[in-house]
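Data file: protein.txt. Format and content: compact mmCIF, C-alpha atoms and all ligand atoms.
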```txt
# COMPACT_ATOMS: atom_id res chain seq x y z
CA MET A 1 0.00 0.00 0.00
CA ASP A 2 1.30 3.43 -0.95
CA PHE A 3 -0.42 6.63 0.16
CA GLU A 4 1.92 8.96 -1.78
CA LEU A 5 0.83 10.59 -5.00
CA THR A 6 3.16 9.93 -7.93
CA GLU A 7 5.66 12.65 -8.74
CA GLU A 8 3.61 13.61 -11.79
CA LEU A 9 0.43 13.98 -9.75
CA GLN A 10 2.26 15.98 -7.09
CA GLY A 11 3.54 18.31 -9.81
CA LEU A 12 0.04 18.71 -11.20
CA GLN A 13 -1.34 19.42 -7.72
CA GLN A 14 1.30 22.10 -7.09
CA SER A 15 0.85 23.83 -10.42
CA VAL A 16 -2.96 23.93 -10.13
CA ARG A 17 -2.62 25.16 -6.54
CA ARG A 18 -0.56 28.12 -7.79
CA LEU A 19 -2.99 28.84 -10.62
CA ALA A 20 -5.91 28.70 -8.18
CA GLN A 21 -4.22 31.09 -5.75
CA GLU A 22 -3.13 33.55 -8.43
CA LYS A 23 -6.04 33.53 -10.87
CA ILE A 24 -9.08 32.03 -9.20
CA LYS A 25 -8.99 33.32 -5.63
CA PRO A 26 -9.16 36.98 -6.76
CA ARG A 27 -12.01 36.28 -9.21
CA ALA A 28 -14.34 34.06 -7.13
CA ARG A 29 -16.52 36.80 -5.63
CA GLU A 30 -16.83 38.74 -8.87
CA ILE A 31 -17.96 35.67 -10.80
CA ASP A 32 -20.66 35.05 -8.20
CA THR A 33 -21.80 38.69 -8.25
CA THR A 34 -22.01 39.08 -12.01
CA SER A 35 -23.06 35.48 -12.81
CA GLU A 36 -21.17 35.94 -16.08
CA TYR A 37 -19.45 32.96 -17.69
CA PRO A 38 -15.75 33.25 -16.69
CA GLN A 39 -14.23 32.93 -20.14
CA ASP A 40 -10.91 34.31 -18.84
CA ILE A 41 -10.53 31.33 -16.50
CA PHE A 42 -11.56 28.89 -19.23
CA ASP A 43 -8.69 30.39 -21.26
CA GLU A 44 -6.33 29.95 -18.28
CA PHE A 45 -7.35 26.29 -17.98
CA LYS A 46 -6.80 25.89 -21.70
CA LYS A 47 -3.34 27.49 -21.51
CA ALA A 48 -2.40 25.24 -18.59
CA ASP A 49 -3.64 22.13 -20.46
CA LEU A 50 -6.20 21.30 -17.78
CA LEU A 51 -9.17 20.74 -20.06
CA GLY A 52 -7.94 17.35 -21.24
CA LEU A 53 -6.77 15.90 -17.94
CA CYS A 54 -9.10 12.92 -18.05
CA ILE A 55 -8.92 12.42 -21.82
CA PRO A 56 -6.39 9.88 -23.13
CA GLU A 57 -3.36 11.18 -24.98
CA GLU A 58 -4.40 9.58 -28.27
CA TYR A 59 -7.44 11.91 -28.28
CA GLY A 60 -5.54 15.09 -27.45
CA GLY A 61 -5.69 14.91 -23.65
CA SER A 62 -2.95 14.49 -21.09
CA GLY A 63 -4.17 11.14 -19.73
CA ALA A 64 -3.93 12.18 -16.08
CA GLY A 65 -7.11 10.23 -15.49
CA ILE A 66 -9.86 10.68 -12.98
CA MET A 67 -7.27 11.00 -10.20
CA GLY A 68 -5.54 13.85 -12.03
CA LEU A 69 -8.80 15.62 -12.71
CA ALA A 70 -9.99 15.10 -9.12
CA LEU A 71 -6.77 16.62 -7.75
CA ALA A 72 -7.06 19.64 -10.02
CA ILE A 73 -10.72 20.13 -9.11
CA GLU A 74 -9.92 19.90 -5.39
CA GLU A 75 -7.36 22.73 -5.74
CA VAL A 76 -9.64 24.94 -7.82
CA THR A 77 -12.71 24.42 -5.62
CA LYS A 78 -10.84 25.66 -2.56
CA TYR A 79 -11.70 29.06 -3.99
CA SER A 80 -14.52 28.51 -6.48
CA ASN A 81 -17.03 25.70 -6.80
CA VAL A 82 -18.18 26.99 -10.17
CA LEU A 83 -14.67 26.68 -11.59
CA GLY A 84 -14.50 23.16 -10.19
CA LEU A 85 -17.66 22.58 -12.20
CA MET A 86 -15.98 24.02 -15.29
CA LEU A 87 -13.30 21.32 -15.07
CA LEU A 88 -15.87 18.64 -14.17
CA LEU A 89 -17.68 19.41 -17.43
CA THR A 90 -14.68 18.10 -19.36
CA ARG A 91 -15.51 14.62 -18.05
CA LEU A 92 -19.28 14.41 -17.48
CA PRO A 93 -20.34 14.54 -21.15
CA THR A 94 -17.23 12.82 -22.51
CA GLY A 95 -17.60 9.87 -20.11
CA PRO A 96 -20.25 7.97 -22.09
CA ILE A 97 -18.16 8.34 -25.27
CA MET A 98 -15.00 7.12 -23.52
CA ILE A 99 -16.89 4.18 -22.03
CA ALA A 100 -19.03 3.06 -24.95
CA GLY A 101 -18.37 5.32 -27.96
CA THR A 102 -17.02 4.12 -31.30
CA GLU A 103 -13.49 5.00 -32.38
CA ASP A 104 -14.98 7.48 -34.84
CA GLN A 105 -17.01 9.19 -32.07
CA LYS A 106 -13.92 9.43 -29.86
CA GLN A 107 -11.92 10.96 -32.72
CA ARG A 108 -14.63 13.47 -33.55
CA TYR A 109 -15.68 14.59 -30.05
CA LEU A 110 -12.85 14.16 -27.51
CA PRO A 111 -10.01 16.29 -28.98
CA GLY A 112 -12.18 19.43 -29.12
CA ILE A 113 -12.88 19.20 -25.39
CA ALA A 114 -9.24 18.48 -24.53
CA ARG A 115 -8.03 21.44 -26.61
CA GLY A 116 -10.73 23.81 -25.40
CA THR A 117 -12.19 24.49 -28.83
CA HIS A 118 -15.49 22.86 -27.86
CA ARG A 119 -17.68 22.50 -24.78
CA ALA A 120 -20.35 19.95 -24.00
CA SER A 121 -23.15 19.13 -21.57
CA PHE A 122 -24.80 16.02 -20.17
CA CYS A 123 -28.57 15.92 -20.67
CA LEU A 124 -30.21 13.41 -18.39
CA SER A 125 -32.61 15.16 -15.97
CA GLU A 126 -36.11 16.11 -16.98
CA PRO A 127 -38.80 18.18 -15.26
CA GLY A 128 -40.55 14.96 -14.22
CA ALA A 129 -37.55 12.68 -13.78
CA GLY A 130 -34.44 13.51 -11.73
CA SER A 131 -33.46 10.74 -9.31
CA ASP A 132 -35.84 8.43 -11.17
CA VAL A 133 -33.80 8.12 -14.34
CA ALA A 134 -35.99 5.37 -15.81
CA GLY A 135 -38.95 7.75 -15.59
CA MET A 136 -37.57 9.92 -18.41
CA GLN A 137 -40.04 10.85 -21.14
CA THR A 138 -37.72 12.10 -23.89
CA ARG A 139 -38.35 9.88 -26.86
CA ALA A 140 -36.11 8.76 -29.74
CA ILE A 141 -37.91 7.06 -32.59
CA GLU A 142 -36.21 5.42 -35.55
CA ASP A 143 -35.86 7.78 -38.50
CA PRO A 144 -37.69 6.08 -41.39
CA SER A 145 -35.61 7.95 -43.97
CA VAL A 146 -32.13 7.34 -42.49
CA PRO A 147 -30.91 3.81 -41.73
CA GLY A 148 -29.84 3.65 -38.07
CA GLY A 149 -30.83 7.27 -37.46
CA TYR A 150 -33.24 8.57 -34.81
CA ILE A 151 -35.54 11.54 -34.24
CA ILE A 152 -35.56 12.97 -30.69
CA ASN A 153 -38.36 14.85 -28.93
CA GLY A 154 -38.37 16.03 -25.33
CA THR A 155 -37.06 18.53 -22.80
CA LYS A 156 -34.08 18.19 -20.47
CA CYS A 157 -33.65 20.57 -17.54
CA TRP A 158 -31.05 21.95 -15.08
CA ILE A 159 -28.33 21.20 -17.64
CA SER A 160 -24.99 22.60 -16.44
CA GLY A 161 -23.12 24.51 -19.11
CA GLY A 162 -26.08 24.06 -21.44
CA MET A 163 -25.84 27.60 -22.82
CA GLN A 164 -22.16 27.26 -23.77
CA ALA A 165 -22.28 23.68 -25.03
CA ASP A 166 -21.35 22.89 -28.64
CA TRP A 167 -22.74 19.40 -28.28
CA PHE A 168 -24.84 17.37 -25.89
CA ILE A 169 -25.01 13.82 -24.66
CA VAL A 170 -28.73 13.13 -24.58
CA PHE A 171 -30.43 10.09 -23.10
CA ALA A 172 -33.82 9.12 -24.49
CA LYS A 173 -36.19 6.17 -24.71
CA THR A 174 -36.35 4.29 -27.98
CA GLY A 175 -39.58 2.54 -26.96
CA ASP A 176 -42.76 3.37 -25.09
CA PRO A 177 -41.91 6.26 -22.67
CA SER A 178 -44.21 4.76 -20.03
CA SER A 179 -42.15 1.55 -20.02
CA ARG A 180 -39.38 1.33 -17.41
CA LEU A 181 -37.46 -1.26 -19.42
CA HIS A 182 -33.76 -0.40 -19.05
CA SER A 183 -32.87 -1.66 -22.52
CA ASN A 184 -35.21 1.00 -23.99
CA ILE A 185 -32.78 3.79 -23.15
CA ARG A 186 -30.04 4.95 -25.53
CA GLY A 187 -27.44 7.69 -25.57
CA PHE A 188 -27.07 10.15 -28.44
CA ILE A 189 -24.53 12.79 -29.35
CA VAL A 190 -26.39 15.88 -30.55
CA ASP A 191 -24.65 18.91 -32.03
CA ALA A 192 -26.11 22.11 -30.59
CA THR A 193 -26.61 23.58 -34.07
CA THR A 194 -28.85 20.71 -35.22
CA PRO A 195 -32.27 22.03 -36.35
CA GLY A 196 -34.84 21.57 -33.59
CA VAL A 197 -32.42 22.10 -30.68
CA SER A 198 -33.27 25.14 -28.56
CA ARG A 199 -32.35 26.54 -25.14
CA PRO A 200 -35.54 28.29 -24.07
CA ARG A 201 -34.64 29.17 -20.49
CA VAL A 202 -31.89 29.58 -17.93
CA ASP A 203 -32.44 28.92 -14.22
CA LYS A 204 -32.02 31.52 -11.49
CA LYS A 205 -30.09 29.61 -8.84
CA MET A 206 -28.82 30.20 -5.31
CA GLY A 207 -25.16 29.40 -5.98
CA VAL A 208 -22.56 28.04 -8.40
CA LYS A 209 -23.23 31.15 -10.45
CA GLY A 210 -21.27 31.84 -13.63
CA ILE A 211 -22.06 28.57 -15.36
CA ASP A 212 -25.75 28.46 -16.11
CA THR A 213 -28.08 25.54 -15.82
CA ALA A 214 -30.60 25.56 -18.64
CA ASP A 215 -33.52 23.80 -20.26
CA ILE A 216 -32.60 22.12 -23.53
CA HIS A 217 -35.48 21.39 -25.85
CA PHE A 218 -35.43 18.81 -28.64
CA ASP A 219 -38.10 19.20 -31.28
CA ASP A 220 -37.89 16.56 -34.05
CA VAL A 221 -34.11 16.54 -33.81
CA HIS A 222 -32.53 14.17 -36.35
CA VAL A 223 -29.50 12.20 -35.18
CA ALA A 224 -27.41 10.20 -37.66
CA ALA A 225 -26.53 6.56 -36.98
CA ASN A 226 -22.90 7.45 -36.29
CA ASN A 227 -23.97 9.62 -33.33
CA VAL A 228 -25.88 6.88 -31.53
CA ILE A 229 -23.98 5.49 -28.55
CA ASP A 230 -24.09 1.79 -27.98
CA GLY A 231 -25.37 1.55 -24.41
CA SER A 232 -28.56 1.69 -22.38
CA PHE A 233 -29.46 2.40 -18.74
CA SER A 234 -26.28 0.72 -17.54
CA LEU A 235 -24.21 3.20 -19.58
CA ILE A 236 -25.82 6.05 -17.63
CA MET A 237 -25.05 4.33 -14.35
CA GLN A 238 -21.46 3.50 -15.30
CA SER A 239 -20.90 7.05 -16.50
CA LEU A 240 -22.21 8.46 -13.22
CA ASN A 241 -20.35 5.87 -11.12
CA ALA A 242 -17.06 6.95 -12.70
CA MET A 243 -17.95 10.58 -11.95
CA ARG A 244 -18.43 10.09 -8.19
CA PRO A 245 -14.82 10.91 -7.20
CA ILE A 246 -14.86 13.96 -9.46
CA VAL A 247 -17.94 15.44 -7.78
CA ALA A 248 -16.51 14.41 -4.40
CA ALA A 249 -13.34 16.36 -5.21
CA ARG A 250 -15.44 19.51 -5.40
CA GLY A 251 -16.76 18.66 -1.94
CA ILE A 252 -13.37 18.19 -0.33
CA GLY A 253 -11.90 21.25 -2.05
CA LEU A 254 -14.79 23.43 -0.91
CA ALA A 255 -14.61 22.10 2.65
CA GLU A 256 -10.83 22.69 2.78
CA GLY A 257 -11.21 26.22 1.42
CA ALA A 258 -13.98 27.10 3.88
CA LEU A 259 -12.17 25.69 6.91
CA MET A 260 -8.86 27.38 6.02
CA TYR A 261 -10.67 30.70 5.53
CA ALA A 262 -12.43 30.52 8.89
CA THR A 263 -9.33 29.27 10.73
CA GLU A 264 -7.29 32.27 9.62
CA TYR A 265 -10.12 34.53 10.75
CA VAL A 266 -10.46 33.11 14.28
CA LYS A 267 -6.70 33.26 14.78
CA ALA A 268 -6.89 37.03 14.27
CA ARG A 269 -10.27 37.90 15.81
CA PRO A 270 -9.96 39.23 19.39
CA ALA A 271 -12.58 38.43 22.04
CA PHE A 272 -12.54 38.17 25.83
CA ALA A 273 -8.89 39.32 25.93
CA LYS A 274 -7.85 36.39 23.68
CA THR A 275 -8.48 35.43 20.11
CA ILE A 276 -11.50 33.31 19.15
CA GLY A 277 -9.09 30.63 17.94
CA GLU A 278 -7.73 30.17 21.46
CA PHE A 279 -11.00 28.79 22.79
CA GLN A 280 -11.21 25.03 23.05
CA GLY A 281 -14.83 25.02 21.90
CA ILE A 282 -13.70 26.45 18.55
CA GLN A 283 -10.56 24.29 18.37
CA TRP A 284 -12.53 21.08 18.76
CA GLU A 285 -14.86 22.09 15.93
CA ILE A 286 -11.83 22.76 13.73
CA ALA A 287 -10.38 19.37 14.69
CA LYS A 288 -13.59 17.46 13.98
CA CYS A 289 -14.02 19.18 10.63
CA ALA A 290 -10.38 18.57 9.63
CA THR A 291 -10.80 14.88 10.50
CA GLU A 292 -13.91 14.59 8.37
CA ILE A 293 -12.20 16.33 5.46
CA GLU A 294 -9.29 13.90 5.59
CA ALA A 295 -11.68 10.92 5.79
CA ALA A 296 -13.53 12.26 2.74
CA ARG A 297 -10.20 12.73 0.93
CA LEU A 298 -9.21 9.13 1.53
CA LEU A 299 -12.56 7.87 0.26
CA THR A 300 -12.28 10.15 -2.77
CA TYR A 301 -8.71 9.26 -3.72
CA ARG A 302 -9.42 5.54 -3.38
CA ALA A 303 -12.53 5.90 -5.53
CA ALA A 304 -10.56 7.85 -8.15
CA TRP A 305 -7.92 5.12 -8.14
CA LEU A 306 -10.62 2.46 -8.63
CA ALA A 307 -12.29 4.39 -11.44
CA ASP A 308 -8.97 4.86 -13.23
CA GLN A 309 -8.62 1.07 -13.30
CA GLY A 310 -12.01 0.78 -14.96
CA LYS A 311 -13.55 -0.40 -11.71
CA PHE A 312 -16.85 1.45 -11.84
CA SER A 313 -19.28 -1.38 -12.51
CA LYS A 314 -21.96 -2.52 -10.04
CA GLU A 315 -19.67 -4.24 -7.51
CA TYR A 316 -17.71 -1.01 -6.95
CA VAL A 317 -20.79 1.18 -6.49
CA PRO A 318 -20.66 1.33 -2.66
CA MET A 319 -17.05 2.62 -2.64
CA LEU A 320 -17.79 5.15 -5.38
CA SER A 321 -21.08 6.36 -3.92
CA MET A 322 -19.58 6.69 -0.44
CA CYS A 323 -17.07 9.30 -1.54
CA LYS A 324 -19.71 11.41 -3.29
CA TYR A 325 -22.13 11.11 -0.39
CA TYR A 326 -19.61 11.82 2.33
CA ALA A 327 -17.57 14.55 0.64
CA SER A 328 -20.63 16.55 -0.35
CA GLU A 329 -22.13 16.27 3.14
CA VAL A 330 -18.77 17.35 4.63
CA ALA A 331 -18.76 20.36 2.29
CA VAL A 332 -22.17 21.45 3.56
CA LYS A 333 -21.12 20.92 7.17
CA ALA A 334 -17.75 22.65 6.82
CA SER A 335 -19.21 25.66 5.04
CA GLY A 336 -21.85 26.00 7.79
CA LEU A 337 -19.19 25.79 10.48
CA ALA A 338 -16.98 28.31 8.70
CA LEU A 339 -19.83 30.80 8.46
CA GLN A 340 -20.60 30.36 12.17
CA MET A 341 -16.94 30.85 13.11
CA LEU A 342 -17.01 34.29 11.53
CA GLY A 343 -20.24 35.33 13.27
CA ALA A 344 -22.00 38.27 11.60
CA ALA A 345 -19.03 38.85 9.33
CA GLY A 346 -19.52 35.34 7.93
CA TYR A 347 -23.06 36.20 6.92
CA MET A 348 -22.00 39.24 4.90
CA GLU A 349 -20.73 39.47 1.36
CA GLU A 350 -17.42 40.97 2.51
CA HIS A 351 -16.37 37.41 3.28
CA LEU A 352 -16.37 34.26 1.15
CA THR A 353 -18.11 32.17 3.81
CA GLU A 354 -21.64 32.93 2.63
CA LEU A 355 -20.56 32.01 -0.90
CA TYR A 356 -19.07 28.69 0.24
CA TYR A 357 -22.31 28.04 2.14
CA ARG A 358 -24.57 28.65 -0.88
CA ASP A 359 -22.29 26.84 -3.31
CA ALA A 360 -21.95 23.74 -1.12
CA ARG A 361 -25.69 23.05 -1.19
CA GLN A 362 -25.54 22.08 -4.84
CA LEU A 363 -23.24 19.16 -4.17
CA THR A 364 -25.66 17.03 -2.15
CA ILE A 365 -28.17 17.27 -5.02
CA VAL A 366 -26.30 16.89 -8.31
CA GLU A 367 -25.41 13.59 -9.97
CA GLY A 368 -27.39 11.53 -7.49
CA THR A 369 -28.61 13.15 -4.27
CA SER A 370 -27.27 12.11 -0.87
CA GLN A 371 -30.39 9.98 -0.41
CA VAL A 372 -29.82 8.23 -3.73
CA GLN A 373 -26.18 7.55 -2.78
CA LEU A 374 -27.29 6.12 0.58
CA GLY A 375 -29.71 3.84 -1.27
CA LEU A 376 -26.91 2.63 -3.54
CA ILE A 377 -24.50 2.03 -0.63
CA ALA A 378 -27.16 0.13 1.30
CA LYS A 379 -27.99 -1.98 -1.76
CA GLY A 380 -24.31 -2.86 -2.05
CA VAL A 381 -24.10 -3.94 1.58
CA LEU A 382 -27.36 -5.89 1.42
CA GLY A 383 -26.14 -7.63 -1.74
CA HIS A 384 -22.65 -8.24 -0.24
CA ASP A 385 -20.82 -6.13 -2.85
CA LEU A 386 -19.48 -4.44 0.26
CA TRP A 387 -18.95 -7.01 2.96
CA TRP A 388 -16.19 -7.48 5.50
CA ASP A 389 -16.09 -11.23 5.86
C1 LIG A 401 -27.04 23.25 -10.01
C2 LIG A 401 -27.52 21.97 -10.63
C3 LIG A 401 -26.89 21.50 -11.78
C4 LIG A 401 -27.36 20.34 -12.42
N1 LIG A 401 -26.76 19.92 -13.58
C5 LIG A 401 -27.28 18.85 -14.25
C6 LIG A 401 -26.73 18.44 -15.52
O1 LIG A 401 -25.75 18.99 -16.02
N2 LIG A 401 -27.33 17.42 -16.18
C7 LIG A 401 -28.41 16.77 -15.68
O2 LIG A 401 -28.89 15.84 -16.32
N3 LIG A 401 -28.95 17.12 -14.47
C8 LIG A 401 -28.40 18.15 -13.75
N4 LIG A 401 -28.95 18.53 -12.54
C9 LIG A 401 -30.09 17.81 -12.01
C10 LIG A 401 -29.72 16.83 -10.90
O3 LIG A 401 -29.00 15.75 -11.40
C11 LIG A 401 -31.03 16.42 -10.21
O4 LIG A 401 -31.46 17.55 -9.50
C12 LIG A 401 -30.87 15.25 -9.28
O5 LIG A 401 -30.65 14.08 -10.01
C13 LIG A 401 -32.09 15.04 -8.38
O6 LIG A 401 -33.25 15.04 -9.11
P1 LIG A 401 -34.47 16.01 -8.72
O7 LIG A 401 -33.93 17.37 -8.51
O8 LIG A 401 -35.54 15.83 -9.74
O9 LIG A 401 -34.97 15.50 -7.32
P2 LIG A 401 -36.09 14.40 -7.05
O10 LIG A 401 -35.70 13.16 -7.75
O11 LIG A 401 -37.41 14.98 -7.33
O12 LIG A 401 -35.91 14.20 -5.49
C14 LIG A 401 -36.41 15.14 -4.54
C15 LIG A 401 -35.94 14.72 -3.16
O13 LIG A 401 -36.40 13.40 -2.88
C16 LIG A 401 -35.32 12.56 -2.57
N5 LIG A 401 -35.53 11.22 -3.13
C17 LIG A 401 -35.79 10.89 -4.43
N6 LIG A 401 -35.87 9.57 -4.56
C18 LIG A 401 -35.64 9.04 -3.35
C19 LIG A 401 -35.58 7.71 -2.84
N7 LIG A 401 -35.74 6.67 -3.63
N8 LIG A 401 -35.33 7.54 -1.51
C20 LIG A 401 -35.15 8.60 -0.70
N9 LIG A 401 -35.18 9.88 -1.11
C21 LIG A 401 -35.44 10.09 -2.43
C22 LIG A 401 -34.10 13.20 -3.21
O14 LIG A 401 -32.92 12.81 -2.55
C23 LIG A 401 -34.41 14.68 -3.04
O15 LIG A 401 -34.02 15.08 -1.77
C24 LIG A 401 -28.46 19.65 -11.86
C25 LIG A 401 -29.05 20.10 -10.68
C26 LIG A 401 -28.59 21.24 -10.06
C27 LIG A 401 -29.23 21.71 -8.79
```
Would you mind writing the file's structure down as structure tokens?
Amino acid sequence: MDFELTEELQGLQQSVRRLAQEKIKPRAREIDTTSEYPQDIFDEFKKADLLGLCIPEEYGGSGAGIMGLALAIEEVTKYSNVLGLMLLLTRLPTGPIMIAGTEDQKQRYLPGIARGTHRASFCLSEPGAGSDVAGMQTRAIEDPSVPGGYIINGTKCWISGGMQADWFIVFAKTGDPSSRLHSNIRGFIVDATTPGVSRPRVDKKMGVKGIDTADIHFDDVHVAANNVIDGSFSLIMQSLNAMRPIVAARGIGLAEGALMYATEYVKARPAFAKTIGEFQGIQWEIAKCATEIEAARLLTYRAAWLADQGKFSKEYVPMLSMCKYYASEVAVKASGLALQMLGAAGYMEEHLTELYYRDARQLTIVEGTSQVQLGLIAKGVLGHDLWWD
């Protein structure tokens, strides 16, 4: 057993840490206030070759894997959860192509993401179907005029990066939408300029501002046979399983950032002829939070290591879900503690604590809520995928 990161990963961690301190820390508040897409930081990521971390070298990426991407996201999210999301979006929509795409699909769609010439989004959720993926109503019927082609109709919602995306991964049912048959579901790659694709509305949200979530509408959208992905419900699950450590990395980064911020504050804040940081009641809260962050980090790094070995099928679900569940809950807890440690100052916009607090809440909802993760972990224990005997 070796708990050290490789030299390469340590180098990556250090260089992203510097970039985060120099470029992201000073921009975090402004991005939240204006809600404008931070193109300048996208360009910084592009310059630093961070957009292709999880994409193999043969498709223009750097092949640092899920571990590399998770480490970079952890560093970035210490200061900005939305910029952690920006990096996450290099993997979420490319995952299904890397897992089940044809060689031609990989050649056409992965290099653009790695080089930062294209952006993409992952269209799964619908107004009537979030956690209940099999309840989706978006329909893909065979195109009678194009062999192997499909025509898609439906609406996806809360799609991160939907307004900037050049292409979408869209999941739809090829049979009766009322059927819950898993084999009825297929994945499609849809170029955003295809006739019938529209983005009718953007959400007004409480945090993670700067990258919009949007409705994406598909009205008789024709998809050619070479943009159909070979995979059904299990492809969705495998894609999301492999993402768990990447979302978890946002959780640990945010928790680390919030706790460091509040710790520096209490060390300087005088009260009762001491500083707040000298009181044991505060110190124990810092200690408990630091312990939980490190536990979440271990879960996350192990999950990233598993996913990089292709271990994201059913039997690995408990380990993968645990890191997402725990790290996102720790982020919520740490950001709440940090705000409390600053008192009134923590509630005001002069400090980043209220931003951490709002931004953290997204993490227990996206890509499988905490309740969904608990269900998956429990299923794994009940079915002995996770068992200690
Ligand atoms: C900021 C943001 C960005 C997002 N980005 C994307 C994106 O890019 N692409 C995309 O496809 N989706 C995206 N989503 C949607 C997200 O994936 C869904 O919100 C999530 O899957 C939960 O679905 P829901 O909101 O419909 O909640 P529901 O499924 O309606 O659940 C509501 C509540 O009930 C609980 N619940 C549901 N089922 C169970 C159960 N079986 N047992 C116990 N409790 C249960 C849930 O945990 C939740 O607390 C985003 C959401 C947000 C907030």
query: Do you know which residues are at most 12 Å from stretch 283-295 of chain A counting all atoms listed in the file, after dropping those on the same chain fewer than 2 positions away, and could you put them as a PyMOL selection string?
result: chain A and resi 74+248-264+266-267+275-281+297-302+322-323+326-338+340-341
Export of the given selection (C-alpha atoms) as an mmCIF file, in the coordinates of the input:
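Everything below was put into result_34.cif:
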```cif
data_model
loop_
_atom_site.group_PDB
_atom_site.id
_atom_site.type_symbol
_atom_site.label_atom_id
_atom_site.label_comp_id
_atom_site.auth_asym_id
_atom_site.auth_seq_id
_atom_site.Cartn_x
_atom_site.Cartn_y
_atom_site.Cartn_z
ATOM 1 C CA GLU A 74 -9.920 19.900 -5.390
ATOM 2 C CA ALA A 248 -16.510 14.410 -4.400
ATOM 3 C CA ALA A 249 -13.340 16.360 -5.210
ATOM 4 C CA ARG A 250 -15.440 19.510 -5.400
ATOM 5 C CA GLY A 251 -16.760 18.660 -1.940
ATOM 6 C CA ILE A 252 -13.370 18.190 -0.330
ATOM 7 C CA GLY A 253 -11.900 21.250 -2.050
ATOM 8 C CA LEU A 254 -14.790 23.430 -0.910
ATOM 9 C CA ALA A 255 -14.610 22.100 2.650
ATOM 10 C CA GLU A 256 -10.830 22.690 2.780
ATOM 11 C CA GLY A 257 -11.210 26.220 1.420
ATOM 12 C CA ALA A 258 -13.980 27.100 3.880
ATOM 13 C CA LEU A 259 -12.170 25.690 6.910
ATOM 14 C CA MET A 260 -8.860 27.380 6.020
ATOM 15 C CA TYR A 261 -10.670 30.700 5.530
ATOM 16 C CA ALA A 262 -12.430 30.520 8.890
ATOM 17 C CA THR A 263 -9.330 29.270 10.730
ATOM 18 C CA GLU A 264 -7.290 32.270 9.620
ATOM 19 C CA VAL A 266 -10.460 33.110 14.280
ATOM 20 C CA LYS A 267 -6.700 33.260 14.780
ATOM 21 C CA THR A 275 -8.480 35.430 20.110
ATOM 22 C CA ILE A 276 -11.500 33.310 19.150
ATOM 23 C CA GLY A 277 -9.090 30.630 17.940
ATOM 24 C CA GLU A 278 -7.730 30.170 21.460
ATOM 25 C CA PHE A 279 -11.000 28.790 22.790
ATOM 26 C CA GLN A 280 -11.210 25.030 23.050
ATOM 27 C CA GLY A 281 -14.830 25.020 21.900
ATOM 28 C CA ARG A 297 -10.200 12.730 0.930
ATOM 29 C CA LEU A 298 -9.210 9.130 1.530
ATOM 30 C CA LEU A 299 -12.560 7.870 0.260
ATOM 31 C CA THR A 300 -12.280 10.150 -2.770
ATOM 32 C CA TYR A 301 -8.710 9.260 -3.720
ATOM 33 C CA ARG A 302 -9.420 5.540 -3.380
ATOM 34 C CA MET A 322 -19.580 6.690 -0.440
ATOM 35 C CA CYS A 323 -17.070 9.300 -1.540
ATOM 36 C CA TYR A 326 -19.610 11.820 2.330
ATOM 37 C CA ALA A 327 -17.570 14.550 0.640
ATOM 38 C CA SER A 328 -20.630 16.550 -0.350
ATOM 39 C CA GLU A 329 -22.130 16.270 3.140
ATOM 40 C CA VAL A 330 -18.770 17.350 4.630
ATOM 41 C CA ALA A 331 -18.760 20.360 2.290
ATOM 42 C CA VAL A 332 -22.170 21.450 3.560
ATOM 43 C CA LYS A 333 -21.120 20.920 7.170
ATOM 44 C CA ALA A 334 -17.750 22.650 6.820
ATOM 45 C CA SER A 335 -19.210 25.660 5.040
ATOM 46 C CA GLY A 336 -21.850 26.000 7.790
ATOM 47 C CA LEU A 337 -19.190 25.790 10.480
ATOM 48 C CA ALA A 338 -16.980 28.310 8.700
ATOM 49 C CA GLN A 340 -20.600 30.360 12.170
ATOM 50 C CA MET A 341 -16.940 30.850 13.110
#
```
Point-to-point distance in Å for atom CA of A:Ala214 and atom CA of A:Asp359: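 So the two atoms, atom CA of A:Asp359 and atom CA of A:Ala214, lie 17.5 Å apart.
Going from atom CA of A:His351 to atom CA of A:Arg27 covers 13.3 Å.
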field: Residue nearest A:Leu9 among A:Glu58, A:Ala72, A:Ile31, A:Ala114 (counting all atoms listed in the file)
entry: A:Ala72
Of the listed residues A:Gln105, A:Phe233, A:Gly310, A:Gly175, that which approaches A:Val190 most closely, counting only C-alpha atoms: A:Gln105
- prompt: With all atoms listed in the file as the atoms that count, which of A:Thr155, A:Met86, A:Glu354, A:Met67 lies nearest to A:Thr6?
  reply: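 Answer, going by the shortest atom-to-atom distance: A:Met67.
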